Amino acid sequence: MIKVKICGMRDPENIRAVCQLQPDYMGFIFYPKSPRYAGNLLNGEFPKIPEHIRTTAVLVNTPLQEVQQMQAGRRFDVLQLHGTESPEYCAALRLPGVEIIKAFGAGAGFPWDSLQAYAPYVDYFLFDTRTPGYGGSGKTFDWSILEAYPLEKPYFLSGGLSRENIKRASQIKDARLYALDLNSGFEHSPGIKDISLLKHTLTQIRQ
C-alpha cells in the first residue's frame with residue numbers, strides 16, 4: 001500500500017490531531033524562509049509523536065554541523081534534503097536507523113543521469129515541482145515525465161497534490177512510487193492542516 005507523508009507541520013495542537021490519522025511520515029520544515037517554518041518546535045516542547053509515524057526534518061542547504069547538532073538534541077527518523085546538497089553531504093548524514101530523502105524539482109529536460117551519484121547514499125528520492133525556490137509552490141508538474149526515471153530507487157511524489165488530483169496520483173502505475181507527500185493542498189492556512197479533508201483523503205488513498 002502506498003505510504004502517506006503529511007508535511008509542513010508546526011502547530012502542536014494540529015500535530016496531535018494529525019497523529020490521530022496515523023500517517024506514515026510527518027514532516028517539519030526547518031527552512032526559515034518557509035511560511036511553514038517549524039523552528040518554534042525545536043526551541044520549545046516538541047509534541048509527542050507515535051513511534052510508528054516517522055518524523056521527518058525538511059532541510060535546505062543546512063550546514064552539516066547544524067544538522068548533526070539538531071539530531072543530537074532531538075533525533076529525527078528521516079532527513080529530507082531539499083536544497084543543492086551534494087552526494088557527499090548525503091553520505092555524511094547516513095546513520096543507522098535514519099532515512100535520507102533527497103528532493104529534486106522535476107520538469108521538462110530534467111537531467112535524470114544526475115541521480116546516479118546520489119543513489120548509494122539515499123533511501124528515497126522525492127520529486128517536486130521545479131521552482132526558483134525550494135518547493136512549496138502548490139503547483140503540480142507533468143507526472144508523465146516520471147516514465148523517464150531510470151533507477152529502481154523508490155520515490156515520494158510531491159508538488160501540488162490536492163483533493164482534485166489525489167485519487168489520480170494514488171493510481172499511478174509505478175511500483176517505485178513509494179509515498180505521496182501532502183502539504184499546502186490540505187490546509188486551512190500555512191502549517192494548519194484541514195483534519196476533515198485529510199481524514200477523507202487518507203481513506204481514499206488507503207482504499
# chains A, B, ... in the order shown; residues from 1 in each chain; ligands from 1
call {"tool": "select_by_dssp", "arguments": {"residues": "chain A", "states": "helix (DSSP H, G or I)", "output": "ChimeraX atom specification"}}
result
/A:12-19,39-43,64-73,87-92,112-115,119-121,143-148,166-170,184-186,195-206
call {"tool": "closest_atom_pairs", "arguments": {"of": "range 88-163 of chain A", "to": "range 172-195 of chain A", "cutoff": "10 Å", "atoms": "only C-alpha atoms", "output": "CSV"}}
result
residue,atom,partner,partner_atom,distance
A:Tyr124,CA,A:Tyr178,CA,8.4
A:Phe125,CA,A:Tyr178,CA,9.6
A:Leu126,CA,A:Asp181,CA,8.8
A:Phe127,CA,A:Asp181,CA,9.7
A:Asp128,CA,A:Asp181,CA,9.3
A:Gly136,CA,A:Ser184,CA,7.3
A:Ser137,CA,A:Ser184,CA,8.4
A:Gly138,CA,A:Ser184,CA,6.1
A:Lys139,CA,A:Gly185,CA,9.3
A:Trp143,CA,A:Ile172,CA,8.9
A:Ser144,CA,A:Ile172,CA,9.6
A:Leu146,CA,A:Asp174,CA,9.1
A:Glu147,CA,A:Asp174,CA,8.6
A:Tyr149,CA,A:Arg176,CA,9.7
A:Leu151,CA,A:Arg176,CA,8.9
A:Glu152,CA,A:Arg176,CA,6.6
A:Lys153,CA,A:Arg176,CA,6.7
A:Pro154,CA,A:Arg176,CA,4.4
A:Tyr155,CA,A:Leu177,CA,5.3
A:Phe156,CA,A:Ala179,CA,4.6
A:Leu157,CA,A:Leu180,CA,5.0
A:Ser158,CA,A:Asp181,CA,4.9
A:Gly159,CA,A:Asp181,CA,7.8
A:Gly160,CA,A:Gly185,CA,6.5
A:Leu161,CA,A:Gly185,CA,6.0
A:Ser162,CA,A:Gly185,CA,4.6
A:Arg163,CA,A:Gly185,CA,7.2
call {"tool": "write_last_selection", "arguments": {"atoms": "N, CA and C atoms", "output": "compact mmCIF listing (two decimals), in the first residue's frame"}}
result
# COMPACT_ATOMS: atom_id res chain seq x y z
N TYR A 124 15.47 7.28 -0.49
CA TYR A 124 14.41 7.64 -1.42
C TYR A 124 14.77 8.94 -2.12
N PHE A 125 14.22 9.12 -3.30
CA PHE A 125 14.17 10.43 -3.92
C PHE A 125 12.78 11.01 -3.69
N LEU A 126 12.67 12.31 -3.83
CA LEU A 126 11.38 13.00 -3.80
C LEU A 126 11.34 13.92 -5.01
N PHE A 127 10.28 13.82 -5.79
CA PHE A 127 10.14 14.67 -6.97
C PHE A 127 9.04 15.69 -6.72
N ASP A 128 9.44 16.94 -6.79
CA ASP A 128 8.58 18.08 -6.52
C ASP A 128 8.51 18.93 -7.79
N GLY A 136 7.16 24.01 -2.20
CA GLY A 136 6.13 24.81 -1.54
C GLY A 136 5.32 25.68 -2.48
N SER A 137 5.38 25.39 -3.78
CA SER A 137 4.66 26.24 -4.75
C SER A 137 3.18 25.92 -4.83
N GLY A 138 2.79 24.72 -4.39
CA GLY A 138 1.39 24.31 -4.52
C GLY A 138 1.00 23.98 -5.96
N LYS A 139 2.00 23.84 -6.83
CA LYS A 139 1.74 23.54 -8.23
C LYS A 139 2.22 22.14 -8.57
N TRP A 143 3.34 14.63 -14.49
CA TRP A 143 3.78 13.36 -13.92
C TRP A 143 4.26 12.37 -14.98
N SER A 144 3.88 12.59 -16.22
CA SER A 144 4.29 11.65 -17.27
C SER A 144 5.81 11.64 -17.46
N LEU A 146 7.91 11.18 -15.29
CA LEU A 146 8.46 10.15 -14.41
C LEU A 146 8.67 8.83 -15.15
N GLU A 147 8.06 8.69 -16.31
CA GLU A 147 8.27 7.49 -17.11
C GLU A 147 9.72 7.38 -17.55
N TYR A 149 12.25 8.18 -15.57
CA TYR A 149 13.09 7.95 -14.38
C TYR A 149 13.77 6.59 -14.53
N LEU A 151 16.04 4.79 -12.55
CA LEU A 151 16.56 4.00 -11.44
C LEU A 151 15.45 3.17 -10.77
N GLU A 152 15.89 2.24 -9.93
CA GLU A 152 14.93 1.42 -9.17
C GLU A 152 14.66 2.00 -7.78
N LYS A 153 15.38 3.04 -7.43
CA LYS A 153 15.22 3.66 -6.11
C LYS A 153 13.79 4.18 -5.95
N PRO A 154 13.07 3.81 -4.88
CA PRO A 154 11.70 4.30 -4.69
C PRO A 154 11.67 5.81 -4.45
N TYR A 155 10.51 6.41 -4.71
CA TYR A 155 10.42 7.87 -4.60
C TYR A 155 9.09 8.32 -3.99
N PHE A 156 9.14 9.55 -3.45
CA PHE A 156 7.97 10.26 -2.97
C PHE A 156 7.52 11.19 -4.10
N LEU A 157 6.21 11.35 -4.24
CA LEU A 157 5.66 12.31 -5.19
C LEU A 157 5.12 13.50 -4.42
N SER A 158 5.57 14.70 -4.80
CA SER A 158 5.18 15.92 -4.12
C SER A 158 4.82 16.97 -5.15
N GLY A 159 4.38 18.12 -4.67
CA GLY A 159 4.10 19.24 -5.56
C GLY A 159 2.65 19.35 -5.99
N GLY A 160 1.90 20.17 -5.30
CA GLY A 160 0.54 20.49 -5.73
C GLY A 160 -0.49 19.38 -5.58
N LEU A 161 -0.22 18.39 -4.75
CA LEU A 161 -1.24 17.37 -4.52
C LEU A 161 -2.42 18.00 -3.77
N SER A 162 -3.63 17.65 -4.19
CA SER A 162 -4.83 18.29 -3.65
C SER A 162 -6.01 17.33 -3.72
N ARG A 163 -7.14 17.78 -3.20
CA ARG A 163 -8.35 16.94 -3.26
C ARG A 163 -8.75 16.64 -4.70
call {"tool": "residues_around", "arguments": {"residues": "Phe46 in chain A", "least_positions_apart": "3", "cutoff": "8 Å", "atoms": "only C-alpha atoms", "output": "list of chain:residue names"}}
result
A:Pro12, A:Leu41, A:Leu42
call {"tool": "write_last_selection", "arguments": {"atoms": "C-alpha atoms", "output": "PDB file, in the first residue's frame"}}
result
ATOM      1  CA  PRO A  12       1.332  21.444  18.428  1.00  0.00           C
ATOM      2  CA  LEU A  41       9.221  23.323  17.898  1.00  0.00           C
ATOM      3  CA  LEU A  42      12.963  22.934  18.322  1.00  0.00           C
TER       4      LEU A  42
END
call {"tool": "atom_distance", "arguments": {"atom1": "CA of Gly27 in chain A", "atom2": "CA of Gly109 in chain A"}}
result
28.6 Å
call {"tool": "residues_around", "arguments": {"residues": "Tyr121 in chain A", "least_positions_apart": "3", "cutoff": "8 Å", "atoms": "only C-alpha atoms", "output": "list in words"}}
result
Pro87, Cys90, Ala91, Arg94, Ile100 and Tyr118 of chain A
call {"tool": "atom_distance", "arguments": {"atom1": "CA of Gln65 in chain A", "atom2": "CA of Ile53 in chain A"}}
result
25.8 Å
call {"tool": "residues_around", "arguments": {"residues": "Ile145 in chain A", "least_positions_apart": "5", "cutoff": "9 Å", "atoms": "only C-alpha atoms", "output": "number ranges by chain"}}
result
A: 106-110
call {"tool": "write_last_selection", "arguments": {"atoms": "N, CA and C atoms", "output": "PDB file, in the first residue's frame"}}
result
ATOM      1  N   ALA A 106      11.389  18.562 -10.422  1.00  0.00           N
ATOM      2  CA  ALA A 106      11.290  17.877 -11.713  1.00  0.00           C
ATOM      3  C   ALA A 106      10.579  18.755 -12.731  1.00  0.00           C
ATOM      4  N   GLY A 107      10.919  18.547 -13.979  1.00  0.00           N
ATOM      5  CA  GLY A 107      10.288  19.296 -15.060  1.00  0.00           C
ATOM      6  C   GLY A 107      10.862  18.837 -16.382  1.00  0.00           C
ATOM      7  N   ALA A 108      10.411  19.441 -17.452  1.00  0.00           N
ATOM      8  CA  ALA A 108      10.900  19.082 -18.779  1.00  0.00           C
ATOM      9  C   ALA A 108      12.412  19.251 -18.844  1.00  0.00           C
ATOM     10  N   GLY A 109      13.075  18.265 -19.402  1.00  0.00           N
ATOM     11  CA  GLY A 109      14.519  18.337 -19.538  1.00  0.00           C
ATOM     12  C   GLY A 109      15.297  17.999 -18.280  1.00  0.00           C
ATOM     13  N   PHE A 110      14.644  17.433 -17.279  1.00  0.00           N
ATOM     14  CA  PHE A 110      15.340  17.099 -16.031  1.00  0.00           C
ATOM     15  C   PHE A 110      16.490  16.127 -16.319  1.00  0.00           C
TER      16      PHE A 110
END
call {"tool": "residues_around", "arguments": {"residues": "range 68-84 of chain A", "least_positions_apart": "2", "cutoff": "10 Å", "atoms": "only C-alpha atoms", "output": "NGL selection string"}}
result
:A and (25-29 or 31 or 42 or 46 or 51 or 53-66 or 86-87 or 89-90 or 92-94 or 96-105 or 122-126 or 128 or 133-135)
call {"tool": "residues_around", "arguments": {"residues": "Asp11 in chain A", "least_positions_apart": "2", "cutoff": "9 Å", "atoms": "only C-alpha atoms", "output": "PDB file with N, CA and C atoms, in the first residue's frame"}}
result
ATOM      1  N   MET A   9       4.151  20.668   9.145  1.00  0.00           N
ATOM      2  CA  MET A   9       3.520  20.767  10.462  1.00  0.00           C
ATOM      3  C   MET A   9       4.315  21.712  11.360  1.00  0.00           C
ATOM      4  N   GLU A  13      -1.102  21.620  18.580  1.00  0.00           N
ATOM      5  CA  GLU A  13      -2.456  21.055  18.635  1.00  0.00           C
ATOM      6  C   GLU A  13      -2.820  20.384  17.313  1.00  0.00           C
ATOM      7  N   ASN A  14      -2.469  21.033  16.205  1.00  0.00           N
ATOM      8  CA  ASN A  14      -2.736  20.467  14.884  1.00  0.00           C
ATOM      9  C   ASN A  14      -1.923  19.193  14.667  1.00  0.00           C
ATOM     10  N   ILE A  15      -0.707  19.172  15.160  1.00  0.00           N
ATOM     11  CA  ILE A  15       0.134  17.978  15.069  1.00  0.00           C
ATOM     12  C   ILE A  15      -0.525  16.803  15.778  1.00  0.00           C
ATOM     13  N   ARG A  16      -1.044  17.042  16.970  1.00  0.00           N
ATOM     14  CA  ARG A  16      -1.689  15.963  17.716  1.00  0.00           C
ATOM     15  C   ARG A  16      -2.918  15.443  16.978  1.00  0.00           C
ATOM     16  N   ALA A  38       9.208  25.486  11.176  1.00  0.00           N
ATOM     17  CA  ALA A  38       8.863  24.850  12.455  1.00  0.00           C
ATOM     18  C   ALA A  38       9.939  25.042  13.508  1.00  0.00           C
ATOM     19  N   ASN A  40      10.049  26.922  15.919  1.00  0.00           N
ATOM     20  CA  ASN A  40       9.473  27.069  17.261  1.00  0.00           C
ATOM     21  C   ASN A  40       9.437  25.733  17.999  1.00  0.00           C
ATOM     22  N   LEU A  41       9.308  24.634  17.260  1.00  0.00           N
ATOM     23  CA  LEU A  41       9.221  23.323  17.898  1.00  0.00           C
ATOM     24  C   LEU A  41      10.563  22.883  18.465  1.00  0.00           C
ATOM     25  N   GLY A 191       0.643  25.678   7.457  1.00  0.00           N
ATOM     26  CA  GLY A 191       1.002  24.914   8.640  1.00  0.00           C
ATOM     27  C   GLY A 191      -0.159  24.397   9.458  1.00  0.00           C
ATOM     28  N   ILE A 192      -1.377  24.762   9.096  1.00  0.00           N
ATOM     29  CA  ILE A 192      -2.567  24.301   9.831  1.00  0.00           C
ATOM     30  C   ILE A 192      -3.385  23.413   8.899  1.00  0.00           C
TER      31      ILE A 192
END
call {"tool": "select_by_dssp", "arguments": {"residues": "range 51-97 of chain A", "states": "strand (DSSP E or B)", "output": "number ranges by chain"}}
result
A: 54-59, 78-81
